[in-house]
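Novice: input29.tsv is reproduced in full below (TSV, C-alpha atoms).
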chain	number	residue	atom	x	y	z
A	1	MET	CA	20.64	10.07	0.22
A	2	ARG	CA	17.61	8.65	-1.46
A	3	ALA	CA	15.40	9.36	1.50
A	4	SER	CA	16.35	12.96	2.20
A	5	ARG	CA	16.54	14.57	-1.23
A	6	PRO	CA	13.16	16.01	-2.17
A	7	ALA	CA	12.29	15.54	-5.81
A	8	VAL	CA	10.82	18.66	-7.32
A	9	HIS	CA	9.08	16.94	-10.19
A	10	PRO	CA	5.61	17.85	-11.31
A	11	VAL	CA	3.10	15.08	-10.86
A	12	GLU	CA	2.54	14.97	-14.59
A	13	ALA	CA	5.89	15.27	-16.32
A	14	PRO	CA	5.84	17.88	-19.12
A	15	PRO	CA	6.66	16.01	-22.32
A	16	PRO	CA	9.60	17.51	-24.22
A	17	ALA	CA	10.65	20.61	-22.26
A	18	PRO	CA	14.41	21.28	-22.41
A	19	PRO	CA	16.00	21.07	-18.97
A	20	PRO	CA	17.15	24.32	-17.40
A	21	PRO	CA	20.93	24.68	-17.31
A	22	ALA	CA	21.19	24.50	-13.53
A	23	GLN	CA	19.72	21.00	-13.47
A	24	ALA	CA	21.40	19.77	-16.61
A	25	GLN	CA	23.79	17.48	-14.82
A	26	GLY	CA	21.07	15.88	-12.73
A	27	GLN	CA	18.86	15.42	-15.75
A	28	ASP	CA	21.68	13.77	-17.67
A	29	GLN	CA	22.27	11.45	-14.77
A	30	GLU	CA	18.63	10.51	-14.71
A	31	GLN	CA	18.56	10.15	-18.46
A	32	ALA	CA	21.44	7.72	-18.22
A	33	ASP	CA	19.58	5.82	-15.55
A	34	GLY	CA	16.49	5.86	-17.68
A	35	ASP	CA	18.29	3.83	-20.34
A	36	VAL	CA	18.58	0.94	-17.91
A	37	VAL	CA	14.88	0.31	-18.00
A	38	THR	CA	15.03	-2.46	-15.42
A	39	GLN	CA	16.02	-0.16	-12.55
A	40	PRO	CA	13.04	1.77	-11.16
A	41	ARG	CA	14.15	5.06	-9.66
A	42	GLY	CA	10.81	5.86	-8.08
A	43	VAL	CA	10.79	9.59	-8.65
A	44	ARG	CA	10.74	9.12	-12.40
A	45	MET	CA	7.76	6.80	-12.35
A	46	LYS	CA	4.26	8.16	-12.62
A	47	ASP	CA	2.36	7.74	-9.39
A	48	PRO	CA	-0.47	5.22	-9.70
A	49	PRO	CA	-3.97	6.58	-9.01
A	50	GLY	CA	-4.64	6.41	-5.30
A	51	ALA	CA	-1.03	6.82	-4.22
A	52	PRO	CA	-0.23	9.65	-1.82
A	53	GLY	CA	0.04	12.99	-3.53
A	54	THR	CA	-2.49	12.20	-6.26
A	55	PRO	CA	-6.09	13.46	-6.47
A	56	ALA	CA	-7.41	9.89	-6.13
A	57	GLY	CA	-5.30	9.41	-3.02
A	58	LEU	CA	-6.68	12.61	-1.58
A	59	GLY	CA	-10.20	11.41	-2.36
A	60	LEU	CA	-9.56	8.13	-0.57
A	61	ARG	CA	-8.25	9.96	2.49
A	62	LEU	CA	-11.24	12.28	2.58
A	63	ALA	CA	-13.61	9.31	2.21
A	64	GLN	CA	-11.88	7.53	5.10
A	65	ALA	CA	-12.11	10.59	7.32
A	66	PHE	CA	-15.73	11.27	6.36
A	67	PHE	CA	-16.99	7.76	7.05
A	68	ALA	CA	-14.97	7.48	10.27
A	69	ALA	CA	-16.48	10.78	11.40
A	70	ALA	CA	-19.94	9.54	10.44
A	71	ALA	CA	-19.44	6.35	12.47
A	72	LEU	CA	-18.22	8.42	15.39
A	73	ALA	CA	-21.14	10.85	15.20
A	74	VAL	CA	-23.83	8.17	14.85
A	75	MET	CA	-22.41	6.08	17.66
A	76	ALA	CA	-21.82	9.03	19.98
A	77	ALA	CA	-25.40	10.22	19.39
A	78	THR	CA	-26.74	7.17	21.22
A	79	ASN	CA	-26.76	7.72	24.94
A	80	ASP	CA	-25.99	4.14	25.97
A	81	PHE	CA	-22.90	3.33	23.95
A	82	PRO	CA	-20.49	3.53	26.95
A	83	SER	CA	-22.26	0.55	28.54
A	84	VAL	CA	-20.80	-1.76	25.87
A	85	SER	CA	-17.02	-1.94	25.62
A	86	ALA	CA	-17.02	-2.72	21.91
A	87	PHE	CA	-18.97	0.43	21.11
A	88	SER	CA	-16.60	2.55	23.17
A	89	TYR	CA	-13.74	0.92	21.30
A	90	LEU	CA	-15.44	1.78	18.01
A	91	VAL	CA	-15.64	5.42	19.05
A	92	ALA	CA	-11.96	5.46	19.97
A	93	ALA	CA	-10.93	3.73	16.74
A	94	ALA	CA	-13.08	6.10	14.68
A	95	ILE	CA	-11.46	9.11	16.34
A	96	LEU	CA	-7.99	7.74	15.60
A	97	GLN	CA	-8.93	6.88	12.02
A	98	CYS	CA	-10.43	10.31	11.44
A	99	LEU	CA	-7.37	12.13	12.80
A	100	TRP	CA	-4.94	9.97	10.81
A	101	SER	CA	-6.85	10.31	7.53
A	102	LEU	CA	-7.32	14.05	7.98
A	103	SER	CA	-3.61	14.50	8.65
A	104	LEU	CA	-2.68	12.61	5.50
A	105	ALA	CA	-5.34	14.49	3.52
A	106	ILE	CA	-3.64	17.74	4.55
A	107	VAL	CA	-0.29	16.33	3.45
A	108	ASP	CA	-1.85	15.31	0.13
A	109	ILE	CA	-3.36	18.75	-0.39
A	110	TYR	CA	0.03	20.32	0.29
A	111	ALA	CA	1.73	17.95	-2.14
A	112	LEU	CA	-0.86	18.69	-4.81
A	113	LEU	CA	-0.60	22.44	-4.30
A	114	VAL	CA	3.18	22.62	-4.53
A	115	LYS	CA	3.26	19.76	-7.09
A	116	ARG	CA	5.70	17.68	-5.09
A	117	SER	CA	5.90	13.93	-5.35
A	118	LEU	CA	5.39	11.99	-2.12
A	119	ARG	CA	7.36	8.95	-3.35
A	120	ASN	CA	9.87	9.35	-0.56
A	121	ALA	CA	11.12	6.16	1.09
A	122	ARG	CA	10.74	7.35	4.67
A	123	ALA	CA	7.36	9.01	4.12
A	124	VAL	CA	5.95	5.96	2.33
A	125	CYS	CA	7.19	3.72	5.15
A	126	ILE	CA	5.50	5.91	7.78
A	127	PHE	CA	2.28	6.01	5.73
A	128	THR	CA	2.26	2.24	5.32
A	129	ILE	CA	2.82	1.47	8.99
A	130	GLY	CA	0.23	4.02	10.08
A	131	ASP	CA	-2.28	2.73	7.56
A	132	GLY	CA	-1.70	-0.82	8.72
A	133	ILE	CA	-2.18	0.04	12.39
A	134	THR	CA	-5.25	2.22	11.94
A	135	GLY	CA	-6.72	-0.22	9.44
A	136	THR	CA	-6.35	-3.14	11.82
A	137	LEU	CA	-7.87	-1.14	14.68
A	138	THR	CA	-10.78	0.09	12.56
A	139	LEU	CA	-11.51	-3.38	11.19
A	140	GLY	CA	-11.34	-4.85	14.67
A	141	ALA	CA	-13.67	-2.22	16.08
A	142	ALA	CA	-16.12	-2.64	13.21
A	143	CYS	CA	-16.14	-6.43	13.59
A	144	ALA	CA	-16.59	-6.24	17.36
A	145	SER	CA	-19.49	-3.82	16.94
A	146	ALA	CA	-20.98	-6.00	14.24
A	147	GLY	CA	-20.78	-9.00	16.56
A	148	ILE	CA	-22.62	-7.12	19.32
A	149	THR	CA	-25.18	-5.68	16.90
A	150	VAL	CA	-25.97	-9.10	15.45
A	151	LEU	CA	-26.19	-10.51	18.97
A	152	ILE	CA	-28.67	-7.83	20.02
A	153	GLY	CA	-30.71	-7.81	16.84
A	154	ASN	CA	-30.77	-11.39	15.58
A	155	ASP	CA	-29.77	-13.67	18.44
A	156	LEU	CA	-31.51	-12.02	21.40
A	157	ASN	CA	-34.18	-9.96	19.58
A	158	ILE	CA	-33.99	-7.07	22.03
A	159	CYS	CA	-33.89	-4.31	19.45
A	160	ALA	CA	-36.98	-2.71	20.96
A	161	GLU	CA	-35.02	-1.52	23.99
A	162	ASN	CA	-31.79	-0.68	22.14
A	163	HIS	CA	-30.72	1.69	19.37
A	164	CYS	CA	-30.17	-1.08	16.84
A	165	ALA	CA	-30.44	1.21	13.82
A	166	SER	CA	-27.79	3.57	15.15
A	167	PHE	CA	-25.47	0.72	16.06
A	168	GLU	CA	-25.86	-0.85	12.64
A	169	THR	CA	-25.30	2.46	10.86
A	170	ALA	CA	-22.17	3.22	12.86
A	171	THR	CA	-20.81	-0.28	12.19
A	172	ALA	CA	-21.49	0.04	8.47
A	173	MET	CA	-19.75	3.42	8.36
A	174	ALA	CA	-16.71	1.95	10.09
A	175	PHE	CA	-16.61	-0.88	7.56
A	176	ILE	CA	-16.85	1.57	4.66
A	177	SER	CA	-14.03	3.61	6.18
A	178	TRP	CA	-11.93	0.46	6.34
A	179	PHE	CA	-12.75	-0.39	2.73
A	180	ALA	CA	-11.56	3.08	1.72
A	181	LEU	CA	-8.39	2.60	3.76
A	182	ALA	CA	-7.42	-0.76	2.27
A	183	PRO	CA	-6.43	0.57	-1.20
A	184	SER	CA	-4.29	3.29	0.35
A	185	CYS	CA	-2.51	0.78	2.55
A	186	ILE	CA	-1.96	-1.71	-0.27
A	187	LEU	CA	-0.69	0.97	-2.67
A	188	ASN	CA	1.67	2.40	-0.07
A	189	PHE	CA	3.03	-1.03	0.78
A	190	TRP	CA	3.41	-1.85	-2.90
A	191	SER	CA	5.36	1.31	-3.64
A	192	MET	CA	7.49	0.73	-0.53
A	193	ALA	CA	8.32	-2.82	-1.62
A	194	SER	CA	8.84	-2.09	-5.29
A	195	ARG	CA	11.49	0.59	-4.98
B	1	MET	CA	7.39	-17.69	-19.48
B	2	ARG	CA	8.59	-16.53	-16.14
B	3	ALA	CA	5.60	-18.00	-14.37
B	4	SER	CA	5.52	-21.46	-15.89
B	5	ARG	CA	9.13	-22.67	-15.95
B	6	PRO	CA	10.05	-24.36	-12.64
B	7	ALA	CA	13.56	-23.67	-11.46
B	8	VAL	CA	15.29	-26.66	-9.96
B	9	HIS	CA	17.62	-24.79	-7.64
B	10	PRO	CA	18.45	-25.90	-4.11
B	11	VAL	CA	17.34	-23.45	-1.46
B	12	GLU	CA	20.91	-22.76	-0.44
B	13	ALA	CA	23.02	-22.47	-3.54
B	14	PRO	CA	26.18	-24.63	-3.35
B	15	PRO	CA	29.15	-22.31	-3.66
B	16	PRO	CA	31.49	-23.27	-6.53
B	17	ALA	CA	30.35	-26.70	-7.68
B	18	PRO	CA	30.91	-27.28	-11.39
B	19	PRO	CA	27.63	-27.75	-13.23
B	20	PRO	CA	26.86	-31.22	-14.58
B	21	PRO	CA	27.18	-31.48	-18.34
B	22	ALA	CA	23.48	-32.06	-18.97
B	23	GLN	CA	22.54	-28.69	-17.46
B	24	ALA	CA	25.47	-26.74	-18.82
B	25	GLN	CA	23.43	-24.76	-21.31
B	26	GLY	CA	20.81	-23.69	-18.78
B	27	GLN	CA	23.46	-22.71	-16.29
B	28	ASP	CA	25.24	-20.58	-18.86
B	29	GLN	CA	22.00	-18.86	-19.72
B	30	GLU	CA	21.39	-18.03	-16.11
B	31	GLN	CA	24.99	-16.97	-15.65
B	32	ALA	CA	24.50	-14.51	-18.47
B	33	ASP	CA	21.35	-13.24	-16.80
B	34	GLY	CA	23.22	-12.90	-13.53
B	35	ASP	CA	25.53	-10.32	-15.07
B	36	VAL	CA	22.63	-7.92	-15.46
B	37	VAL	CA	22.49	-7.22	-11.76
B	38	THR	CA	19.59	-4.78	-12.02
B	39	GLN	CA	17.09	-7.41	-13.15
B	40	PRO	CA	15.90	-9.59	-10.28
B	41	ARG	CA	15.10	-13.04	-11.56
B	42	GLY	CA	13.57	-14.26	-8.33
B	43	VAL	CA	14.79	-17.81	-8.50
B	44	ARG	CA	18.39	-16.75	-8.04
B	45	MET	CA	17.70	-14.69	-4.91
B	46	LYS	CA	17.88	-16.30	-1.51
B	47	ASP	CA	14.44	-16.60	0.04
B	48	PRO	CA	14.02	-14.54	3.23
B	49	PRO	CA	13.17	-16.53	6.38
B	50	GLY	CA	9.43	-17.03	6.56
B	51	ALA	CA	8.86	-17.00	2.82
B	52	PRO	CA	7.06	-19.98	1.28
B	53	GLY	CA	9.36	-22.92	0.77
B	54	THR	CA	11.60	-22.16	3.74
B	55	PRO	CA	11.62	-23.95	7.10
B	56	ALA	CA	10.51	-20.76	8.88
B	57	GLY	CA	7.61	-20.40	6.45
B	58	LEU	CA	6.60	-23.98	7.13
B	59	GLY	CA	6.75	-23.29	10.86
B	60	LEU	CA	4.51	-20.25	10.47
B	61	ARG	CA	1.99	-22.27	8.48
B	62	LEU	CA	1.96	-25.05	11.04
B	63	ALA	CA	1.52	-22.51	13.85
B	64	GLN	CA	-1.41	-20.92	12.03
B	65	ALA	CA	-3.07	-24.27	11.47
B	66	PHE	CA	-2.42	-25.42	15.04
B	67	PHE	CA	-3.86	-22.32	16.71
B	68	ALA	CA	-6.82	-22.19	14.33
B	69	ALA	CA	-7.54	-25.84	15.13
B	70	ALA	CA	-7.22	-25.08	18.85
B	71	ALA	CA	-9.68	-22.18	18.56
B	72	LEU	CA	-12.04	-24.44	16.64
B	73	ALA	CA	-11.78	-27.27	19.14
B	74	VAL	CA	-12.20	-25.10	22.23
B	75	MET	CA	-15.16	-23.24	20.76
B	76	ALA	CA	-16.85	-26.37	19.42
B	77	ALA	CA	-16.46	-28.05	22.80
B	78	THR	CA	-18.93	-25.60	24.33
B	79	ASN	CA	-22.49	-26.71	23.75
B	80	ASP	CA	-24.02	-23.23	23.38
B	81	PHE	CA	-21.82	-21.59	20.76
B	82	PRO	CA	-24.46	-21.85	17.95
B	83	SER	CA	-26.74	-19.50	19.89
B	84	VAL	CA	-24.35	-16.59	19.20
B	85	SER	CA	-23.70	-15.72	15.55
B	86	ALA	CA	-20.22	-14.40	16.21
B	87	PHE	CA	-19.11	-17.67	17.77
B	88	SER	CA	-20.48	-19.66	14.83
B	89	TYR	CA	-18.59	-17.29	12.53
B	90	LEU	CA	-15.43	-17.91	14.55
B	91	VAL	CA	-15.84	-21.64	14.05
B	92	ALA	CA	-16.31	-21.19	10.31
B	93	ALA	CA	-13.33	-18.84	10.01
B	94	ALA	CA	-11.15	-21.19	12.05
B	95	ILE	CA	-12.07	-24.11	9.78
B	96	LEU	CA	-11.17	-22.06	6.69
B	97	GLN	CA	-7.93	-20.83	8.26
B	98	CYS	CA	-6.96	-24.34	9.29
B	99	LEU	CA	-7.61	-25.80	5.82
B	100	TRP	CA	-5.75	-22.99	4.06
B	101	SER	CA	-2.72	-23.15	6.34
B	102	LEU	CA	-2.55	-26.94	6.18
B	103	SER	CA	-2.70	-26.83	2.39
B	104	LEU	CA	0.15	-24.36	2.21
B	105	ALA	CA	2.09	-26.33	4.81
B	106	ILE	CA	1.86	-29.37	2.54
B	107	VAL	CA	3.07	-27.27	-0.39
B	108	ASP	CA	5.96	-26.03	1.77
B	109	ILE	CA	6.87	-29.57	2.82
B	110	TYR	CA	6.86	-30.64	-0.83
B	111	ALA	CA	9.03	-27.68	-1.80
B	112	LEU	CA	11.47	-28.44	1.00
B	113	LEU	CA	11.64	-32.14	0.13
B	114	VAL	CA	12.32	-31.66	-3.56
B	115	LYS	CA	14.35	-28.48	-2.88
B	116	ARG	CA	12.31	-26.35	-5.23
B	117	SER	CA	11.94	-22.60	-4.86
B	118	LEU	CA	8.41	-21.26	-4.53
B	119	ARG	CA	9.30	-17.77	-5.81
B	120	ASN	CA	6.92	-18.14	-8.72
B	121	ALA	CA	4.93	-15.06	-9.71
B	122	ARG	CA	1.59	-16.81	-10.01
B	123	ALA	CA	2.03	-18.90	-6.87
B	124	VAL	CA	3.08	-15.91	-4.79
B	125	CYS	CA	0.08	-13.94	-6.07
B	126	ILE	CA	-2.30	-16.75	-5.11
B	127	PHE	CA	-0.64	-17.11	-1.69
B	128	THR	CA	-0.90	-13.37	-1.05
B	129	ILE	CA	-4.56	-13.08	-2.00
B	130	GLY	CA	-5.48	-16.17	-0.01
B	131	ASP	CA	-3.52	-14.98	3.00
B	132	GLY	CA	-5.20	-11.58	2.81
B	133	ILE	CA	-8.70	-13.05	2.64
B	134	THR	CA	-8.23	-15.64	5.37
B	135	GLY	CA	-6.38	-13.15	7.54
B	136	THR	CA	-9.18	-10.61	7.27
B	137	LEU	CA	-11.79	-13.24	8.05
B	138	THR	CA	-9.84	-14.62	11.01
B	139	LEU	CA	-9.19	-11.16	12.44
B	140	GLY	CA	-12.84	-10.23	12.01
B	141	ALA	CA	-14.03	-13.41	13.69
B	142	ALA	CA	-11.57	-12.99	16.55
B	143	CYS	CA	-12.61	-9.37	17.09
B	144	ALA	CA	-16.32	-10.19	16.97
B	145	SER	CA	-15.84	-12.99	19.50
B	146	ALA	CA	-13.74	-10.71	21.67
B	147	GLY	CA	-16.51	-8.11	21.62
B	148	ILE	CA	-19.08	-10.69	22.72
B	149	THR	CA	-16.76	-12.15	25.34
B	150	VAL	CA	-16.03	-8.76	26.85
B	151	LEU	CA	-19.75	-7.94	26.78
B	152	ILE	CA	-20.59	-11.16	28.64
B	153	GLY	CA	-17.71	-11.06	31.09
B	154	ASN	CA	-17.11	-7.38	31.87
B	155	ASP	CA	-20.20	-5.43	30.83
B	156	LEU	CA	-23.01	-7.79	31.86
B	157	ASN	CA	-21.15	-9.97	34.41
B	158	ILE	CA	-23.04	-13.13	33.46
B	159	CYS	CA	-20.02	-15.41	33.31
B	160	ALA	CA	-21.57	-17.73	35.86
B	161	GLU	CA	-24.10	-19.02	33.36
B	162	ASN	CA	-21.77	-19.00	30.33
B	163	HIS	CA	-18.53	-20.68	29.32
B	164	CYS	CA	-16.48	-17.51	29.56
B	165	ALA	CA	-13.15	-19.32	29.92
B	166	SER	CA	-13.74	-21.35	26.76
B	167	PHE	CA	-14.86	-18.32	24.79
B	168	GLU	CA	-11.82	-16.33	25.90
B	169	THR	CA	-9.45	-19.18	25.10
B	170	ALA	CA	-10.91	-19.68	21.63
B	171	THR	CA	-10.71	-15.94	20.94
B	172	ALA	CA	-7.11	-15.81	22.09
B	173	MET	CA	-6.21	-18.80	19.89
B	174	ALA	CA	-7.79	-17.10	16.89
B	175	PHE	CA	-5.81	-13.94	17.58
B	176	ILE	CA	-2.57	-15.93	17.86
B	177	SER	CA	-3.37	-17.66	14.57
B	178	TRP	CA	-3.83	-14.25	12.96
B	179	PHE	CA	-0.54	-13.01	14.41
B	180	ALA	CA	1.19	-16.02	12.86
B	181	LEU	CA	-0.52	-15.33	9.55
B	182	ALA	CA	0.46	-11.68	9.32
B	183	PRO	CA	4.21	-12.26	8.64
B	184	SER	CA	3.41	-14.78	5.90
B	185	CYS	CA	1.03	-12.37	4.23
B	186	ILE	CA	3.41	-9.41	4.47
B	187	LEU	CA	6.37	-11.45	3.18
B	188	ASN	CA	4.34	-12.82	0.27
B	189	PHE	CA	3.07	-9.38	-0.66
B	190	TRP	CA	6.57	-7.96	-0.37
B	191	SER	CA	8.06	-10.59	-2.67
B	192	MET	CA	5.16	-10.12	-5.10
B	193	ALA	CA	5.71	-6.36	-5.21
B	194	SER	CA	9.49	-6.42	-5.33
B	195	ARG	CA	9.92	-8.62	-8.38
Now, as a test, write the supplied structure out as structure tokens.

Specialist:
Amino acid sequence: MRASRPAVHPVEAPPPAPPPPAQAQGQDQEQADGDVVTQPRGVRMKDPPGAPGTPAGLGLRLAQAFFAAAALAVMAATNDFPSVSAFSYLVAAAILQCLWSLSLAIVDIYALLVKRSLRNARAVCIFTIGDGITGTLTLGAACASAGITVLIGNDLNICAENHCASFETATAMAFISWFALAPSCILNFWSMASR
Amino acid sequence: MRASRPAVHPVEAPPPAPPPPAQAQGQDQEQADGDVVTQPRGVRMKDPPGAPGTPAGLGLRLAQAFFAAAALAVMAATNDFPSVSAFSYLVAAAILQCLWSLSLAIVDIYALLVKRSLRNARAVCIFTIGDGITGTLTLGAACASAGITVLIGNDLNICAENHCASFETATAMAFISWFALAPSCILNFWSMASR
């Protein structure tokens, strides 16, 4: 019941508006629940900044998608990235990260436009698992690329015959994308655990 | 107050034993708290398997420490690992992981011996942050080493003049250590968020 009933609450609750008669019973029920302050109902709580369905959450998603796309573009612009497996893996992980973040950005835009809350148990669970998987893949790809880049640039000193600057830029973009993903993942997991 | 008062409960609560007279007042206080079922007190809840202070949690910690030590030993046994930055980083991350997991294993053993619960807000917060940091470092080191290993073995095919088997074994051990760390971190974060 809790998972399937959409809550049509505005993101910022209007302070003292009288409830319309059609929802009076539901409001009374929630008012009664509100007296027991130790039971969080989820839909009554204000979303923390960065949670899905908030402008900060949308900004995080757009930042993730932008930096993943930048990593993808910079890496794909070098002509010799397929010769190293880790760089190919970075391209694949950046594509996945970009698609995932763009999808959730669209969901966030929809939620902001229709002023729906996204604090839905099933949605938050899906967001958390997806964030965890894409975050692990992006971090792994960034670390593998960083290992190769440091090997080429510092250990072997063969930057003259390689695109070290492009590799380093793409790796840095992937790391920044992961740093933007971490707050989303932690906030989603927190709101999943605290309901 | 909640963080500093140790609760001397056995891990499995004995069913209907009468309380000894010296603790009667404390038991009554907690009985009164138990009537308010919507307020989780933490120390009254049964720890999930894998949480700190449980045998499964101790097993996870020992597995993390064992596999991190194995990665460290296998990598340090090769004489040319300092020539690659990623392999040196793997050694450093494995040392940190091993020390952290052994420390928490000792805490778990102590908690099991004196039958104390470790569901303490401050302790769980420290465990979660430490698990997150060491887990990220271990995953990053394992991925960087995997990138180098794949580059040496598959992309360049120069395994004949390198210790590919040792590098692959150490990388695999680091990944297994991270896989053993992930449940601990998730469980700690969950119990931190759900109180």

Novice: List as a ChimeraX atom specification the protein and nucleic acid residues near Cys98 (chain A), meaning an atom at most 7 Å away when only C-alpha atoms are counted, but skip any in the same chain fewer than 5 places from it.

Specialist: /A:65,68-69

Novice: Which residues come within 8 Å of Thr134 (chain A), counting all atoms listed in the file, excluding same-chain residues fewer than 5 positions away, as a list in words?

Specialist: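 That gives Ala93, Leu96, Gln97 and Trp100 of chain A.
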
Novice: Would you be able to write out as a ChimeraX atom specification which residues have an atom within 9 Å of (-12.9, -11.9, 14.2) in the file's coordinates, counting all atoms listed in the file?

Specialist: /A:140,143-144,147 /B:86,89-90,93,136-146,171,174-175

Novice: Using only C-alpha atoms, pick whichever of B:Ala160, B:Phe127, B:Trp178, B:Val84 has the shortest atom-to-atom distance to chain A.

Specialist: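 Looking only at the distances to chain A, the closest residue turns out to be B:Val84.
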
Novice: Quote the spacing between CA of Cys159 (chain B) and CA of Phe87 (chain B) in Å to one decimal place.

Specialist: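 Going from CA of Cys159 (chain B) over to CA of Phe87 (chain B) covers 15.7 Å.
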
Novice: Expressed in Å to a single decimal, how great is the separation between CA of Ser177 (chain A) and CA of Met173 (chain B)?

Specialist: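 Between CA of Ser177 (chain A) and CA of Met173 (chain B) the gap is 27.4 Å.
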
Novice: What are the centre and edge lengths in Å, to one decimal, of the axis-aligned box around all listed atoms of region 182-191 of chain A with 4 Å added on each side, as lines of an AutoDock Vina configuration file?

Specialist:
center_x = -1.0
center_y = 0.7
center_z = -0.5
size_x = 20.8
size_y = 13.1
size_z = 14.2

Novice: Could you work out how far CA of Ile126 (chain B) lies from CA of Ala123 (chain A), giving the answer in Å with one decimal?

Specialist: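 A separation of 29.0 Å between them.
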
Novice: Restricting the calculation to only C-alpha atoms, which member of A:Thr78, A:Ser184, A:Ser88, A:Ser117 is positioned closest to chain B?

Specialist: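 Result for the nearest residue to chain B: A:Ser88.
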
Novice: Go through B:Gln64, B:Ser85, B:Leu102, B:Thr54 and flag the residue nearest Ile152 (chain A), using only C-alpha atoms for the distances.

Specialist: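 Selected residue with least distance to Ile152 (chain A): B:Ser85.
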
Novice: Measuring between all atoms listed in the file, which one of B:Ala56, B:Cys185, B:Leu156, B:Ala165 shows the shortest distance to chain A?

Specialist: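 Among the listed residues, B:Leu156 lies closest to chain A.
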
Novice: Looking at all atoms listed in the file, which of B:Ser83, B:Cys164, B:Val124, B:Val114 is the one that sits closest to chain A?

Specialist: B:Ser83
